[in-house]
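Participant: File follows, my_file-v3.pdb with PDB, C-alpha atoms and all ligand atoms:
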```pdb
ATOM      1  CA  MET Y  20      89.607  93.090  88.325  1.00  0.00           C
ATOM      2  CA  THR Y  21      92.647  94.807  89.761  1.00  0.00           C
ATOM      3  CA  ASP Y  22      93.029  98.070  91.613  1.00  0.00           C
ATOM      4  CA  PRO Y  23      95.915 100.019  90.037  1.00  0.00           C
ATOM      5  CA  THR Y  24      96.893 101.435  93.434  1.00  0.00           C
ATOM      6  CA  CYS Y  25      96.894  98.083  95.302  1.00  0.00           C
ATOM      7  CA  TRP Y  26     100.233  96.533  96.320  1.00  0.00           C
ATOM      8  CA  PHE Y  27      98.757  93.020  96.190  1.00  0.00           C
ATOM      9  CA  CYS Y  28      97.298  93.026  92.693  1.00  0.00           C
ATOM     10  CA  SER Y  29      99.097  95.742  90.760  1.00  0.00           C
ATOM     11  CA  ASP Y  30     102.455  94.749  89.322  1.00  0.00           C
ATOM     12  CA  ASP Y  31     103.210  98.452  88.915  1.00  0.00           C
ATOM     13  CA  VAL Y  32     102.969  98.949  92.681  1.00  0.00           C
ATOM     14  CA  ARG Y  33     104.408  95.625  93.782  1.00  0.00           C
ATOM     15  CA  THR Y  34     107.720  95.465  92.011  1.00  0.00           C
ATOM     16  CA  ASP Y  35     109.374  92.974  94.375  1.00  0.00           C
ATOM     17  CA  PRO Y  36     108.288  89.314  94.377  1.00  0.00           C
ATOM     18  CA  PRO Y  37     108.148  87.308  97.640  1.00  0.00           C
ATOM     19  CA  PRO Y  38     111.469  85.836  98.867  1.00  0.00           C
ATOM     20  CA  GLY Y  39     112.162  82.770  96.740  1.00  0.00           C
ATOM     21  CA  GLY Y  40     109.158  83.532  94.505  1.00  0.00           C
ATOM     22  CA  TRP Y  41     105.598  82.277  94.848  1.00  0.00           C
ATOM     23  CA  VAL Y  42     105.335  78.997  96.741  1.00  0.00           C
ATOM     24  CA  TYR Y  43     101.831  78.278  95.427  1.00  0.00           C
ATOM     25  CA  ASP Y  44      99.746  79.723  92.619  1.00  0.00           C
ATOM     26  CA  ASP Y  45      96.383  78.755  91.124  1.00  0.00           C
ATOM     27  CA  ALA Y  46      93.375  80.380  89.463  1.00  0.00           C
ATOM     28  CA  HIS Y  47      92.156  82.018  92.687  1.00  0.00           C
ATOM     29  CA  TRP Y  48      95.050  82.146  95.165  1.00  0.00           C
ATOM     30  CA  ARG Y  49      98.730  82.682  95.518  1.00  0.00           C
ATOM     31  CA  VAL Y  50     101.016  82.165  98.451  1.00  0.00           C
ATOM     32  CA  GLY Y  51     104.376  83.699  99.227  1.00  0.00           C
ATOM     33  CA  HIS Y  52     106.772  84.000 102.147  1.00  0.00           C
ATOM     34  CA  ALA Y  53     106.551  87.388 103.866  1.00  0.00           C
ATOM     35  CA  PRO Y  54     109.345  89.832 103.015  1.00  0.00           C
ATOM     36  CA  ALA Y  55     112.344  89.063 105.228  1.00  0.00           C
ATOM     37  CA  SER Y  56     112.359  92.466 106.914  1.00  0.00           C
ATOM     38  CA  TYR Y  57     108.695  92.133 107.928  1.00  0.00           C
ATOM     39  CA  ALA Y  58     108.380  88.911 109.877  1.00  0.00           C
ATOM     40  CA  VAL Y  59     109.905  85.763 111.358  1.00  0.00           C
ATOM     41  CA  ALA Y  60     110.946  82.951 109.010  1.00  0.00           C
ATOM     42  CA  GLY Y  61     107.993  80.804 108.024  1.00  0.00           C
ATOM     43  CA  THR Y  62     105.514  83.682 108.007  1.00  0.00           C
ATOM     44  CA  THR Y  63     103.513  83.117 104.856  1.00  0.00           C
ATOM     45  CA  ILE Y  64     100.879  85.227 103.152  1.00  0.00           C
ATOM     46  CA  LEU Y  65      97.894  83.698 101.345  1.00  0.00           C
ATOM     47  CA  GLU Y  66      96.291  86.233  99.052  1.00  0.00           C
ATOM     48  CA  SER Y  67      93.424  86.308  96.592  1.00  0.00           C
ATOM     49  CA  ARG Y  68      94.334  86.892  92.977  1.00  0.00           C
ATOM     50  CA  ARG Y  69      91.290  89.140  92.578  1.00  0.00           C
ATOM     51  CA  HIS Y  70      91.037  92.483  94.307  1.00  0.00           C
ATOM     52  CA  VAL Y  71      88.521  91.545  96.977  1.00  0.00           C
ATOM     53  CA  ALA Y  72      88.654  92.534 100.647  1.00  0.00           C
ATOM     54  CA  ASP Y  73      87.070  89.548 102.363  1.00  0.00           C
ATOM     55  CA  GLU Y  74      84.690  86.605 102.072  1.00  0.00           C
ATOM     56  CA  ARG Y  75      81.692  88.888 101.419  1.00  0.00           C
ATOM     57  CA  GLY Y  76      83.044  89.832  97.989  1.00  0.00           C
ATOM     58  CA  MET Y  77      84.380  86.428  97.013  1.00  0.00           C
ATOM     59  CA  SER Y  78      82.958  84.387  94.151  1.00  0.00           C
ATOM     60  CA  ASP Y  79      81.439  80.965  94.811  1.00  0.00           C
ATOM     61  CA  ALA Y  80      84.652  79.354  93.535  1.00  0.00           C
ATOM     62  CA  GLU Y  81      86.811  81.474  95.847  1.00  0.00           C
ATOM     63  CA  ARG Y  82      84.663  80.641  98.850  1.00  0.00           C
ATOM     64  CA  ALA Y  83      84.652  76.957  97.919  1.00  0.00           C
ATOM     65  CA  THR Y  84      88.465  76.731  97.667  1.00  0.00           C
ATOM     66  CA  LEU Y  85      89.564  79.025 100.501  1.00  0.00           C
ATOM     67  CA  ALA Y  86      89.371  76.447 103.289  1.00  0.00           C
ATOM     68  CA  ASP Y  87      91.318  73.877 101.271  1.00  0.00           C
ATOM     69  CA  VAL Y  88      94.132  76.220 100.246  1.00  0.00           C
ATOM     70  CA  THR Y  89      94.330  77.538 103.822  1.00  0.00           C
ATOM     71  CA  ALA Y  90      94.551  74.012 105.242  1.00  0.00           C
ATOM     72  CA  ARG Y  91      97.258  73.024 102.769  1.00  0.00           C
ATOM     73  CA  THR Y  92      99.262  76.154 103.544  1.00  0.00           C
ATOM     74  CA  VAL Y  93      98.926  75.673 107.319  1.00  0.00           C
ATOM     75  CA  GLU Y  94     100.176  72.097 106.886  1.00  0.00           C
ATOM     76  CA  ALA Y  95     103.094  73.262 104.719  1.00  0.00           C
ATOM     77  CA  VAL Y  96     104.153  75.958 107.216  1.00  0.00           C
ATOM     78  CA  THR Y  97     103.947  73.363 110.015  1.00  0.00           C
ATOM     79  CA  ARG Y  98     106.111  70.876 108.106  1.00  0.00           C
ATOM     80  CA  ALA Y  99     108.605  73.493 106.920  1.00  0.00           C
ATOM     81  CA  THR Y 100     109.177  75.103 110.327  1.00  0.00           C
ATOM     82  CA  GLY Y 101     108.358  72.338 112.819  1.00  0.00           C
ATOM     83  CA  CYS Y 102     106.000  74.758 114.598  1.00  0.00           C
ATOM     84  CA  ASP Y 103     103.285  73.597 116.979  1.00  0.00           C
ATOM     85  CA  ARG Y 104     100.551  75.879 115.672  1.00  0.00           C
ATOM     86  CA  VAL Y 105      99.981  78.376 112.872  1.00  0.00           C
ATOM     87  CA  TYR Y 106      98.502  81.716 113.911  1.00  0.00           C
ATOM     88  CA  ARG Y 107      96.502  83.794 111.425  1.00  0.00           C
ATOM     89  CA  TRP Y 108      96.258  87.534 111.013  1.00  0.00           C
ATOM     90  CA  ALA Y 109      94.208  89.398 108.428  1.00  0.00           C
ATOM     91  CA  THR Y 110      93.360  93.076 108.856  1.00  0.00           C
ATOM     92  CA  MET Y 111      93.362  94.365 105.242  1.00  0.00           C
ATOM     93  CA  ASP Y 112      94.537  97.612 106.821  1.00  0.00           C
ATOM     94  CA  ALA Y 113      96.857  99.050 104.184  1.00  0.00           C
ATOM     95  CA  TYR Y 114      94.967  97.659 101.161  1.00  0.00           C
ATOM     96  CA  ALA Y 115      91.390  96.400 100.867  1.00  0.00           C
ATOM     97  CA  HIS Y 116      92.695  93.148  99.358  1.00  0.00           C
ATOM     98  CA  PHE Y 117      92.341  89.751 101.036  1.00  0.00           C
ATOM     99  CA  HIS Y 118      95.649  88.608 102.485  1.00  0.00           C
ATOM    100  CA  LEU Y 119      95.910  86.144 105.320  1.00  0.00           C
ATOM    101  CA  TRP Y 120      99.159  86.088 107.300  1.00  0.00           C
ATOM    102  CA  LEU Y 121     100.083  82.636 108.595  1.00  0.00           C
ATOM    103  CA  VAL Y 122     102.564  82.905 111.471  1.00  0.00           C
ATOM    104  CA  PRO Y 123     104.366  79.924 113.055  1.00  0.00           C
ATOM    105  CA  TRP Y 124     104.140  79.520 116.846  1.00  0.00           C
ATOM    106  CA  TRP Y 125     106.050  77.056 119.009  1.00  0.00           C
ATOM    107  CA  GLU Y 126     105.197  75.860 122.505  1.00  0.00           C
ATOM    108  CA  THR Y 127     108.591  77.280 123.443  1.00  0.00           C
ATOM    109  CA  SER Y 128     107.713  80.733 122.070  1.00  0.00           C
ATOM    110  CA  PRO Y 129     107.936  83.282 124.914  1.00  0.00           C
ATOM    111  CA  LEU Y 130     104.753  85.049 123.784  1.00  0.00           C
ATOM    112  CA  ARG Y 131     101.242  83.831 123.003  1.00  0.00           C
ATOM    113  CA  GLY Y 132      98.160  85.180 121.241  1.00  0.00           C
ATOM    114  CA  PRO Y 133      98.133  88.757 119.918  1.00  0.00           C
ATOM    115  CA  ARG Y 134     101.456  89.529 121.631  1.00  0.00           C
ATOM    116  CA  ARG Y 135     103.092  86.763 119.584  1.00  0.00           C
ATOM    117  CA  LEU Y 136     101.588  88.172 116.381  1.00  0.00           C
ATOM    118  CA  VAL Y 137     102.843  91.689 117.134  1.00  0.00           C
ATOM    119  CA  ASP Y 138     106.313  90.374 117.993  1.00  0.00           C
ATOM    120  CA  ALA Y 139     106.502  88.064 114.962  1.00  0.00           C
ATOM    121  CA  VAL Y 140     105.222  90.557 112.413  1.00  0.00           C
ATOM    122  CA  VAL Y 141     105.737  94.090 113.792  1.00  0.00           C
ATOM    123  CA  THR Y 142     108.465  94.479 116.410  1.00  0.00           C
ATOM    124  CA  GLY Y 143     110.597  91.339 116.110  1.00  0.00           C
ATOM    125  CA  GLY Y 144     112.919  92.605 113.376  1.00  0.00           C
ATOM    126  CA  GLY Y 145     112.115  89.954 110.773  1.00  0.00           C
ATOM    127  CA  THR Y 146     114.605  87.414 109.521  1.00  0.00           C
ATOM    128  CA  THR Y 147     117.468  87.301 107.040  1.00  0.00           C
ATOM    129  CA  PRO Y 148     116.796  87.183 103.277  1.00  0.00           C
ATOM    130  CA  GLU Y 149     118.684  83.859 103.120  1.00  0.00           C
ATOM    131  CA  ARG Y 150     116.583  82.277 105.862  1.00  0.00           C
ATOM    132  CA  ALA Y 151     113.348  83.558 104.278  1.00  0.00           C
ATOM    133  CA  THR Y 152     114.332  82.094 100.897  1.00  0.00           C
ATOM    134  CA  GLU Y 153     115.346  78.741 102.438  1.00  0.00           C
ATOM    135  CA  THR Y 154     112.108  78.523 104.416  1.00  0.00           C
ATOM    136  CA  ALA Y 155     110.054  79.478 101.351  1.00  0.00           C
ATOM    137  CA  ALA Y 156     111.659  76.580  99.442  1.00  0.00           C
ATOM    138  CA  ARG Y 157     110.680  74.133 102.210  1.00  0.00           C
ATOM    139  CA  ILE Y 158     107.114  75.487 102.236  1.00  0.00           C
ATOM    140  CA  ARG Y 159     106.937  75.122  98.432  1.00  0.00           C
ATOM    141  CA  ASP Y 160     108.145  71.513  98.683  1.00  0.00           C
ATOM    142  CA  ALA Y 161     105.575  70.730 101.369  1.00  0.00           C
ATOM    143  CA  LEU Y 162     102.768  72.301  99.320  1.00  0.00           C
ATOM    144  CA  SER Y 163     103.821  70.347  96.225  1.00  0.00           C
ATOM    145  CA  ALA Y 164     103.757  67.127  98.224  1.00  0.00           C
ATOM    146  CA  SER Y 165     100.195  67.831  99.416  1.00  0.00           C
ATOM    147  CA  VAL Y 166      98.566  67.890  95.965  1.00  0.00           C
TER
HETATM  148 ZN    ZN Y 201      94.273  94.374  95.179  1.00  0.00          ZN
END
```
Have the structure of the file written as structure tokens, please.
Facilitator:
Amino acid sequence: MTDPTCWFCSDDVRTDPPPGGWVYDDAHWRVGHAPASYAVAGTTILESRRHVADERGMSDAERATLADVTARTVEAVTRATGCDRVYRWATMDAYAHFHLWLVPWWETSPLRGPRRLVDAVVTGGGTTPERATETAARIRDALSASV
């Protein structure tokens, strides 16, 4: 079921696809690179296809596949960016729809923990559309190789 006012599941609200298109898509999940103006290159959003806020509302099939799709996406972001770790951020603040931000972190990054997340996603100024699209293609390739 979709919520007609939700950016994540209503095509009437979300008129712009992720940079480079979806990098992964199945019956329960889809994955796309974050919009270039929002976050550093490699920042990837895993979202449920159904309008559900968190694990409490997920079906058995969604719960059973979430860890696997998360692991595959973390591996793909790691391969595509060469990062040392993949941070996660999920607040469901703007929309009560499950979306997990996966944010690359390097040992050379000047910030750690929540400060890194704020810098990468809120105050850092994002990346270029070209870089987002190129990184999305590498993440898609890595996800395809992991099947
Ligand atoms: Zn939704």
Participant: Apply the PyMOL selection byres (((chain Y and resi 153) around 12) and not hetatm) to the file shown and report the selected residues as number ranges by chain.
Facilitator: Y: 38-40, 42, 52, 55, 60-61, 99-100, 146-152, 154-160
Participant: Those residues you just picked out, can you put them in a file as a tab-separated table (two decimals), in the frame of the given file with C-alpha atoms?
Facilitator:
```tsv
chain	number	residue	atom	x	y	z
Y	38	PRO	CA	111.47	85.84	98.87
Y	39	GLY	CA	112.16	82.77	96.74
Y	40	GLY	CA	109.16	83.53	94.50
Y	42	VAL	CA	105.34	79.00	96.74
Y	52	HIS	CA	106.77	84.00	102.15
Y	55	ALA	CA	112.34	89.06	105.23
Y	60	ALA	CA	110.95	82.95	109.01
Y	61	GLY	CA	107.99	80.80	108.02
Y	99	ALA	CA	108.60	73.49	106.92
Y	100	THR	CA	109.18	75.10	110.33
Y	146	THR	CA	114.60	87.41	109.52
Y	147	THR	CA	117.47	87.30	107.04
Y	148	PRO	CA	116.80	87.18	103.28
Y	149	GLU	CA	118.68	83.86	103.12
Y	150	ARG	CA	116.58	82.28	105.86
Y	151	ALA	CA	113.35	83.56	104.28
Y	152	THR	CA	114.33	82.09	100.90
Y	154	THR	CA	112.11	78.52	104.42
Y	155	ALA	CA	110.05	79.48	101.35
Y	156	ALA	CA	111.66	76.58	99.44
Y	157	ARG	CA	110.68	74.13	102.21
Y	158	ILE	CA	107.11	75.49	102.24
Y	159	ARG	CA	106.94	75.12	98.43
Y	160	ASP	CA	108.14	71.51	98.68
```
Participant: Would you mind telling me which residue in Y:Leu130, Y:Val105, Y:Val96, Y:Val71 lies nearest to Y:Cys25 when using all atoms listed in the file?
Facilitator: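 Going through Y:Leu130, Y:Val105, Y:Val96, Y:Val71 one by one, the smallest distance to Y:Cys25 is for Y:Val71.
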Participant: Can you work out which one of Y:Ala46, Y:Leu85, Y:Ala115, Y:Cys102 has the shortest atom-to-atom distance to ligand ZN 201 (chain Y), counting all atoms listed in the file?
Facilitator: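 Comparing Y:Ala46, Y:Leu85, Y:Ala115, Y:Cys102 against ligand ZN 201 (chain Y), the winner is Y:Ala115.
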Participant: For a test of reading the model, state the distance in Å between atom CA of Y:Thr97 and atom CA of Y:Val140, rounded to one decimal.
Facilitator: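 According to the coordinates, atom CA of Y:Thr97 and atom CA of Y:Val140 are separated by 17.4 Å.
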Participant: List as a PyMOL selection string the protein and nucleic acid residues lying within 9 Å of ligand ZN 201 (chain Y), with only C-alpha atoms and all ligand atoms counted.
Facilitator: chain Y and resi 20-29+67-72+114-117
Participant: Could you spell out the hits of the PyMOL selection byres (((chain Y and resi 109) around 12) and not hetatm) on the shown file, as a PDB file with C-alpha atoms, in the coordinates of the input?
Facilitator:
```
ATOM      1  CA  THR Y  63     103.513  83.117 104.856  1.00  0.00           C
ATOM      2  CA  ILE Y  64     100.879  85.227 103.152  1.00  0.00           C
ATOM      3  CA  LEU Y  65      97.894  83.698 101.345  1.00  0.00           C
ATOM      4  CA  GLU Y  66      96.291  86.233  99.052  1.00  0.00           C
ATOM      5  CA  ALA Y  72      88.654  92.534 100.647  1.00  0.00           C
ATOM      6  CA  ASP Y  73      87.070  89.548 102.363  1.00  0.00           C
ATOM      7  CA  GLU Y  74      84.690  86.605 102.072  1.00  0.00           C
ATOM      8  CA  TYR Y 106      98.502  81.716 113.911  1.00  0.00           C
ATOM      9  CA  ARG Y 107      96.502  83.794 111.425  1.00  0.00           C
ATOM     10  CA  TRP Y 108      96.258  87.534 111.013  1.00  0.00           C
ATOM     11  CA  THR Y 110      93.360  93.076 108.856  1.00  0.00           C
ATOM     12  CA  MET Y 111      93.362  94.365 105.242  1.00  0.00           C
ATOM     13  CA  ASP Y 112      94.537  97.612 106.821  1.00  0.00           C
ATOM     14  CA  ALA Y 113      96.857  99.050 104.184  1.00  0.00           C
ATOM     15  CA  TYR Y 114      94.967  97.659 101.161  1.00  0.00           C
ATOM     16  CA  ALA Y 115      91.390  96.400 100.867  1.00  0.00           C
ATOM     17  CA  HIS Y 116      92.695  93.148  99.358  1.00  0.00           C
ATOM     18  CA  PHE Y 117      92.341  89.751 101.036  1.00  0.00           C
ATOM     19  CA  HIS Y 118      95.649  88.608 102.485  1.00  0.00           C
ATOM     20  CA  LEU Y 119      95.910  86.144 105.320  1.00  0.00           C
ATOM     21  CA  TRP Y 120      99.159  86.088 107.300  1.00  0.00           C
ATOM     22  CA  LEU Y 121     100.083  82.636 108.595  1.00  0.00           C
ATOM     23  CA  VAL Y 122     102.564  82.905 111.471  1.00  0.00           C
ATOM     24  CA  LEU Y 136     101.588  88.172 116.381  1.00  0.00           C
ATOM     25  CA  VAL Y 140     105.222  90.557 112.413  1.00  0.00           C
TER      26      VAL Y 140
END
```
Participant: Got a sec to resolve the PyMOL selection byres (((chain Y and resi 94) around 10) and not hetatm) on this structure and send the residues as a PyMOL selection string?
Facilitator: chain Y and resi 88-93+95-99+104-105+158+161-162+165
Participant: In Å, how far is it from atom CA of Y:Ser163 to atom CA of Y:Thr34?
Facilitator: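 The value is 25.8 Å.
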Participant: Can you measure atom CA of Y:Arg33 to atom CA of Y:His47 for me? One decimal in Å is fine.
Facilitator: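 Atom-to-atom, atom CA of Y:Arg33 to atom CA of Y:His47, that is 18.3 Å.
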Participant: Considering all atoms listed in the file, can you say which of Y:Pro37, Y:Asp31, Y:Pro54, Y:Tyr43 comes closest to Y:Ala164?
Facilitator: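 Going through Y:Pro37, Y:Asp31, Y:Pro54, Y:Tyr43 one by one, the smallest distance to Y:Ala164 is for Y:Tyr43.
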Participant: List every protein, DNA or RNA residue with an atom no more than 8 Å from (106.4, 84.2, 115.7) in the file's coordinates, counting only C-alpha atoms, and format the result as an NGL selection string.
Facilitator: :Y and (58-59 or 62 or 122-125 or 128 or 135-136 or 138-140)
